[in-house]
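J.: Questions regarding the structure given below will be posed in turn.
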Amino acid sequence: MDLVKIKSLLKAHPDFPKKGILFQDIFPIFQDPVAVQTVVSHITHHIFSKHGKVDVIVGLDSRGFLLGPWVAAIVGAAFVPVRKPGKLPGECHQAQYVKEYGTDVFEIQKSGIKPGQKVVVLDDLIATGGSAKAAGELIQKCGGVPVEYIFFVELTFLKGRDALNAPTYSLVQFDD
């Protein structure tokens with residue numbers, strides 16, 4: 001299965017979660033086990049070929065949790081979640097961000113990433129880049145080094161990658 005097939009599995013939902021937003025739904029991919037294996041294979045191959053060894057995969061709440069632990073296990077890295085406030089125990093760093101339909105806050109456990117660790121951020125979609133940028137800030141607060149941001153889907157016309165402090169890789173792109 002190729003990435004053209006993966007893109008064809010995505011389903012667009014107009015005016016969700018609010019009027020004017022065209023939501024790209026990744027969940028149909030998960031109805032096809034071969035599609036899921038294809039996505040994981042592309043992501044892990046990309047990480048190995050570009051970085052060799054990374055220390056941590058950070059998954060963003062909540063769709064970054066779908067494949068984050070699986071990808072981390074394959075590449076031999078730890079998995080660290082970035083979550084909404086109040087969902088993680090212990091001491092946490094916080095970062096506020098603006099997204100395409102409001103503002104929000106992310107948290108990471110202070111002990112989740114050690115100074116100097118190489119970190120890849122994984123999420124389902126990049127639009128304006130707000131949530132991924134906040135994740136990068138959290139990684140740096142822990143002393144980690146963001147080396148790349150990886151997304152299933154990129155809305156290129158919103159130029160979210162321009163907000164990020166490391167290279168970006170996306171499997172599927174939408175130009176409008």
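Numbering starts fresh at 1 for the residues of each chain in the structure tokens, the chains themselves are lettered A, B, ... in the order given, and ligands are numbered from 1 as they appear.
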For A:His42, work out the shell of residues within 12 Å, counting only C-alpha atoms and skipping chain neighbours fewer than 2 positions away, then give it as number ranges by chain.
T.: A: 1-3, 6, 35-40, 44-50, 67, 71, 74, 150-152, 169-172
J.: List the spatial neighbours of A:Val153 as a PyMOL selection string - criterion: any atom at most 12 Å away, only C-alpha atoms, same-chain residues fewer than 3 positions off excluded.
T.: chain A and resi 3+6-12+23-26+29+39+63-64+122-127+149-150+156+160-161+168-175
J.: Write the residues you've just listed into a file as a tab-separated table (two decimals), in the first residue's frame, and include N, CA and C atoms for each of them.
T.:
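Writing the result to result.tsv gives the following:
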chain	number	residue	atom	x	y	z
A	3	LEU	N	1.29	5.76	-0.15
A	3	LEU	CA	0.74	6.93	0.53
A	3	LEU	C	-0.45	7.53	-0.21
A	6	ILE	N	-3.24	5.77	1.31
A	6	ILE	CA	-3.45	6.29	2.66
A	6	ILE	C	-4.24	7.60	2.59
A	7	LYS	N	-3.85	8.50	1.70
A	7	LYS	CA	-4.55	9.78	1.56
A	7	LYS	C	-6.01	9.55	1.18
A	8	SER	N	-6.27	8.57	0.34
A	8	SER	CA	-7.64	8.31	-0.10
A	8	SER	C	-8.53	7.79	1.05
A	9	LEU	N	-7.92	7.26	2.09
A	9	LEU	CA	-8.68	6.77	3.23
A	9	LEU	C	-9.14	7.87	4.18
A	10	LEU	N	-8.47	9.02	4.12
A	10	LEU	CA	-8.85	10.14	4.99
A	10	LEU	C	-10.23	10.64	4.60
A	11	LYS	N	-10.99	11.13	5.59
A	11	LYS	CA	-12.33	11.63	5.33
A	11	LYS	C	-12.42	13.07	5.81
A	12	ALA	N	-12.84	13.97	4.93
A	12	ALA	CA	-12.99	15.38	5.27
A	12	ALA	C	-14.38	15.64	5.84
A	23	PHE	N	-12.18	19.50	8.69
A	23	PHE	CA	-11.48	18.54	9.54
A	23	PHE	C	-11.10	17.32	8.73
A	24	GLN	N	-9.80	16.95	8.74
A	24	GLN	CA	-9.32	15.75	8.07
A	24	GLN	C	-9.26	14.61	9.08
A	25	ASP	N	-10.16	13.65	8.95
A	25	ASP	CA	-10.31	12.55	9.89
A	25	ASP	C	-9.37	11.41	9.51
A	26	ILE	N	-8.47	11.05	10.44
A	26	ILE	CA	-7.52	9.95	10.20
A	26	ILE	C	-8.07	8.59	10.60
A	29	ILE	N	-8.21	5.28	8.53
A	29	ILE	CA	-6.96	4.53	8.34
A	29	ILE	C	-6.94	3.32	9.29
A	39	VAL	N	1.56	3.11	7.47
A	39	VAL	CA	1.88	4.38	8.12
A	39	VAL	C	3.04	4.19	9.10
A	63	ARG	N	-4.29	12.09	19.51
A	63	ARG	CA	-4.05	11.21	18.36
A	63	ARG	C	-2.59	10.80	18.22
A	64	GLY	N	-1.69	11.57	18.81
A	64	GLY	CA	-0.29	11.16	18.82
A	64	GLY	C	-0.05	9.93	19.67
A	122	LEU	N	5.46	13.37	17.43
A	122	LEU	CA	4.55	12.68	16.52
A	122	LEU	C	3.12	13.09	16.81
A	123	ASP	N	2.41	13.50	15.76
A	123	ASP	CA	0.99	13.85	15.90
A	123	ASP	C	0.28	13.53	14.59
A	124	ASP	N	-1.04	13.60	14.64
A	124	ASP	CA	-1.82	13.25	13.46
A	124	ASP	C	-1.77	14.31	12.37
A	125	LEU	N	-1.83	15.59	12.76
A	125	LEU	CA	-2.01	16.64	11.76
A	125	LEU	C	-1.33	17.92	12.21
A	126	ILE	N	-0.73	18.62	11.26
A	126	ILE	CA	-0.25	19.97	11.52
A	126	ILE	C	-1.04	20.94	10.66
A	127	ALA	N	-1.61	21.92	11.34
A	127	ALA	CA	-2.34	22.99	10.67
A	127	ALA	C	-1.53	24.28	10.87
A	149	TYR	N	9.66	16.96	13.72
A	149	TYR	CA	8.22	16.86	13.95
A	149	TYR	C	7.64	16.02	12.81
A	150	ILE	N	6.91	14.97	13.15
A	150	ILE	CA	6.34	14.08	12.15
A	150	ILE	C	4.83	14.06	12.30
A	156	THR	N	-0.59	22.25	4.21
A	156	THR	CA	0.56	23.08	3.84
A	156	THR	C	0.20	24.56	3.69
A	160	GLY	N	2.11	25.81	9.02
A	160	GLY	CA	2.41	25.51	10.42
A	160	GLY	C	3.85	25.12	10.66
A	161	ARG	N	4.48	24.51	9.68
A	161	ARG	CA	5.89	24.09	9.85
A	161	ARG	C	6.80	25.28	10.10
A	168	THR	N	10.35	19.29	9.62
A	168	THR	CA	9.03	18.67	9.64
A	168	THR	C	8.93	17.66	8.52
A	169	TYR	N	8.29	16.52	8.83
A	169	TYR	CA	8.00	15.49	7.83
A	169	TYR	C	6.54	15.12	7.95
A	170	SER	N	5.85	15.05	6.81
A	170	SER	CA	4.45	14.64	6.82
A	170	SER	C	4.26	13.60	5.71
A	171	LEU	N	3.40	12.63	6.00
A	171	LEU	CA	3.14	11.57	5.05
A	171	LEU	C	2.23	12.04	3.93
A	172	VAL	N	1.22	12.84	4.28
A	172	VAL	CA	0.20	13.28	3.33
A	172	VAL	C	0.05	14.79	3.46
A	173	GLN	N	-0.04	15.48	2.33
A	173	GLN	CA	-0.19	16.91	2.33
A	173	GLN	C	-1.47	17.33	1.60
A	174	PHE	N	-2.09	18.40	2.13
A	174	PHE	CA	-3.22	19.05	1.46
A	174	PHE	C	-2.82	20.50	1.24
A	175	ASP	N	-2.95	20.95	-0.02
A	175	ASP	CA	-2.54	22.31	-0.38
A	175	ASP	C	-3.66	23.32	-0.33
J.: Enumerate the residues of chain A with a DSSP assignment of helix (DSSP H, G or I), computed from the backbone, and present them as number ranges by chain.
T.: A: 3-9, 27-31, 33-51, 64-75, 130-142, 156-158, 160-163
J.: Quick one: DSSP strand (DSSP E) residues in stretch 54-103 of chain A, as a tab-separated table (two decimals) with N, CA, C and O atoms, in the first residue's frame?
T.:
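Listing of out.tsv after writing:
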chain	number	residue	atom	x	y	z
A	56	VAL	N	13.68	9.64	22.35
A	56	VAL	CA	12.29	9.77	22.81
A	56	VAL	C	11.38	10.09	21.63
A	56	VAL	O	11.72	10.90	20.77
A	57	ILE	N	10.20	9.45	21.63
A	57	ILE	CA	9.09	9.85	20.76
A	57	ILE	C	8.07	10.51	21.67
A	57	ILE	O	7.63	9.91	22.67
A	58	VAL	N	7.72	11.75	21.37
A	58	VAL	CA	6.69	12.46	22.11
A	58	VAL	C	5.41	12.41	21.28
A	58	VAL	O	5.41	12.79	20.11
A	59	GLY	N	4.34	11.93	21.89
A	59	GLY	CA	3.03	11.90	21.24
A	59	GLY	C	2.13	12.95	21.83
A	59	GLY	O	2.05	13.10	23.05
A	60	LEU	N	1.44	13.70	20.95
A	60	LEU	CA	0.56	14.77	21.42
A	60	LEU	C	-0.85	14.25	21.66
A	60	LEU	O	-1.37	13.43	20.90
A	78	ALA	N	12.08	5.75	24.07
A	78	ALA	CA	11.04	5.90	25.08
A	78	ALA	C	9.85	6.61	24.44
A	78	ALA	O	10.00	7.33	23.44
A	79	PHE	N	8.68	6.44	25.03
A	79	PHE	CA	7.50	7.21	24.63
A	79	PHE	C	7.11	8.12	25.78
A	79	PHE	O	7.01	7.68	26.92
A	80	VAL	N	6.90	9.41	25.46
A	80	VAL	CA	6.49	10.39	26.46
A	80	VAL	C	5.27	11.13	25.93
A	80	VAL	O	5.31	11.70	24.84
A	81	PRO	N	4.17	11.12	26.71
A	81	PRO	CA	2.98	11.83	26.26
A	81	PRO	C	3.01	13.31	26.64
A	81	PRO	O	3.54	13.69	27.69
A	82	VAL	N	2.43	14.13	25.77
A	82	VAL	CA	2.13	15.52	26.07
A	82	VAL	C	0.61	15.58	26.15
A	82	VAL	O	-0.07	15.17	25.22
A	92	CYS	N	4.86	18.88	36.48
A	92	CYS	CA	4.77	19.05	35.03
A	92	CYS	C	5.17	20.46	34.61
A	92	CYS	O	4.97	21.42	35.36
A	93	HIS	N	5.73	20.55	33.42
A	93	HIS	CA	5.91	21.83	32.76
A	93	HIS	C	4.64	22.10	31.96
A	93	HIS	O	3.98	21.16	31.50
A	94	GLN	N	4.32	23.39	31.75
A	94	GLN	CA	3.16	23.78	30.95
A	94	GLN	C	3.58	24.72	29.83
A	94	GLN	O	4.55	25.48	29.96
A	95	ALA	N	2.82	24.67	28.73
A	95	ALA	CA	2.98	25.63	27.62
A	95	ALA	C	1.60	25.92	27.05
A	95	ALA	O	0.83	24.99	26.79
A	96	GLN	N	1.30	27.19	26.88
A	96	GLN	CA	0.03	27.60	26.28
A	96	GLN	C	0.23	27.79	24.79
A	96	GLN	O	1.32	28.17	24.34
A	97	TYR	N	-0.81	27.51	24.02
A	97	TYR	CA	-0.71	27.68	22.57
A	97	TYR	C	-2.05	28.10	21.98
A	97	TYR	O	-3.10	27.90	22.56
A	98	VAL	N	-1.93	28.71	20.80
A	98	VAL	CA	-3.11	29.10	20.03
A	98	VAL	C	-3.26	28.10	18.90
A	98	VAL	O	-2.29	27.77	18.22
A	99	LYS	N	-4.46	27.60	18.73
A	99	LYS	CA	-4.73	26.69	17.63
A	99	LYS	C	-5.73	27.34	16.68
A	99	LYS	O	-6.20	28.46	16.94
A	102	GLY	N	-9.07	28.24	18.71
A	102	GLY	CA	-9.06	28.60	20.12
A	102	GLY	C	-7.68	28.53	20.74
A	102	GLY	O	-6.67	28.48	20.04
A	103	THR	N	-7.61	28.56	22.08
A	103	THR	CA	-6.35	28.43	22.80
A	103	THR	C	-6.43	27.23	23.73
A	103	THR	O	-7.52	26.79	24.10
J.: I'd like to know which of A:Val121, A:Ile139, A:Val147, A:Val4 is closest to A:Pro69, using only C-alpha atoms.
T.: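 Once distances to A:Pro69 are computed over only C-alpha atoms, the minimum belongs to A:Val121.
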J.: Here is a test: counting only C-alpha atoms, which residue of A:Glu148, A:Asp55, A:Asp162, A:Asp15 is nearest to A:Lys114?
T.: A:Asp55
